[in-house]
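Peer 1: I'd like to ask some things about the structure below.
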Amino acid sequence: MGEAAGRRLGVFGGTFDPVHVGHLVAAVNARHALGLDRVLLVVANQPWQKHARAVTPAPDRFAVVEAAVTNMEGLEASAVEVERGGPSYTADTLDELSRRYPDAELFLVIGADVADELDSWERMEAVRELATLVVVNRPGVRPTKPLSGWKAVSVEIPGLDISSTDLRARAANGRPLDFLVPEPAVRLIRQRGLYAGGR
Ligand code: ATP
Ligand code: MG
């Protein structure tokens, strides 16, 4: 990312272990609804909330996201958290992006499940200052509590009951990932032997 960010920049963070079409439908619809120049899929280095389980190495998760957004206009994998190393805090990422792109307006895309967790975020006030939230619906997640004090908009997407947790379980017992994960990403998962070979 050396070039100009565009004035309206979407930031969509996740563990992406692995990325799936739910993520991509969220990203393209957030981009469309808000008129964003680009949406960065920011791959968490160490997702500090997920220490209960072993996470796939960050370079592999990043490469699979890159494969997933190949030829997708306006979507881009971002290694900003992977390159920073250590635990991944959104506040640090927004700080870094606002320094890198001083003219950009930042939009933080999150699913409805994440919207309910914002209070627990590291330096939550900084996140609130630096970005407008774009909340997308997610099946099984009830309407979120009011986001008072936040700049926030909702974007309605077709409900896709897909999660990385379920995909890992599918792969572990030999069920296919096809059509739930974009095809170039499935191919890379197979090549690298990730997720039990990504059958
Ligand atoms: P896991 O099951 O491991 O938590 P996940 O599918 O929730 O994986 P994450 O990487 O945790 O994926 O999520 C990244 C972001 O994408 C979060 O903001 C999450 O709310 C959102 N998201 C994930 N899946 C969907 C979906 N099916 N529909 C809408 N948003 C989603
Ligand atoms: Mg999740």
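Naming works like this for the structure tokens: A, B, ... for the chains as they're shown, residue 1 at the start of each chain, ligands 1 onward in shown order.
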Please extract the residues at most 7 Å from ligand 1, counting only C-alpha atoms and all ligand atoms, and provide them as a list in words, using the chain letters and residue numbers of this document.
Peer 2: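 Listed by chain and ascending number, the contacts are Phe12, Gly13, Gly14, Thr15, Phe16, Asp17, Val19, Gly22, His23, Ala26, Val109, Ile110, Gly111, Ala112, Asp113, Val114, Val136, Asn137, Arg138, Pro139, Gly159, Leu160, Asp161, Ile162, Ser163, Ser164, Thr165 and Asp166 of chain A.
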Peer 1: Those same residues - C-alpha atoms - I'd like them written as a compact mmCIF listing (two decimals), in the first residue's frame.
Peer 2:
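Writing the result to result-v7.txt gives the following:
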# COMPACT_ATOMS: atom_id res chain seq x y z
CA PHE A 12 -12.57 -4.79 7.82
CA GLY A 13 -10.60 -6.66 10.44
CA GLY A 14 -10.76 -10.32 11.26
CA THR A 15 -8.91 -13.48 12.07
CA PHE A 16 -10.05 -14.86 8.71
CA ASP A 17 -9.24 -18.43 9.78
CA VAL A 19 -11.83 -16.22 5.01
CA GLY A 22 -19.78 -14.19 4.38
CA HIS A 23 -16.78 -11.89 4.82
CA ALA A 26 -20.09 -8.04 3.91
CA VAL A 109 -16.80 -2.67 9.02
CA ILE A 110 -17.95 -5.17 11.65
CA GLY A 111 -20.49 -7.96 11.93
CA ALA A 112 -23.35 -7.67 14.41
CA ASP A 113 -21.63 -10.13 16.79
CA VAL A 114 -18.62 -7.84 17.04
CA VAL A 136 -23.59 -5.72 8.90
CA ASN A 137 -26.22 -8.22 10.05
CA ARG A 138 -25.26 -11.78 10.83
CA PRO A 139 -27.63 -14.76 11.15
CA GLY A 159 -27.91 -13.49 5.77
CA LEU A 160 -25.16 -16.06 5.26
CA ASP A 161 -24.95 -18.55 8.07
CA ILE A 162 -21.26 -19.24 7.55
CA SER A 163 -18.46 -18.96 10.10
CA SER A 164 -14.79 -19.84 10.09
CA THR A 165 -15.46 -21.99 13.14
CA ASP A 166 -17.89 -24.10 11.15
Peer 1: Identify which of the residues A:Ile189, A:Val39, A:Val80, A:Ala44 lies closest to ligand 2, counting only C-alpha atoms and all ligand atoms when measuring atom-to-atom distances.
Peer 2: A:Ala44
Peer 1: Which is closer to ligand 2 than all the others in A:Val134, A:Ala172, A:Leu177, A:Ala115, using only C-alpha atoms and all ligand atoms?
Peer 2: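 Using only C-alpha atoms and all ligand atoms, ligand 2 sits closest to A:Ala115.
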Peer 1: Which value, in Å to one decimal, gives the distance between atom CA of Arg84 of chain A and atom CA of Leu41 of chain A?
Peer 2: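 Separation of atom CA of Arg84 of chain A and atom CA of Leu41 of chain A: 15.3 Å.
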Peer 1: Which residue out of A:Leu9, A:Ala196, A:Arg187, A:Asn45 has the minimum interatomic distance to Pro102 of chain A when only C-alpha atoms are used?
Peer 2: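 Nearest to Pro102 of chain A: A:Leu9.
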Peer 1: For ligand 2, which residue out of A:Leu34, A:Ser98, A:His20, A:Glu83 is the nearest one, using only C-alpha atoms and all ligand atoms?
Peer 2: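 So, comparing all the options, the nearest one is A:His20.
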Peer 1: With distances taken over only C-alpha atoms, which residue among A:Asp178, A:Asp60, A:Glu117, A:Glu76 lies nearest Leu24 of chain A?
Peer 2: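 Of A:Asp178, A:Asp60, A:Glu117, A:Glu76, the one nearest Leu24 of chain A, counting only C-alpha atoms, is A:Glu76.
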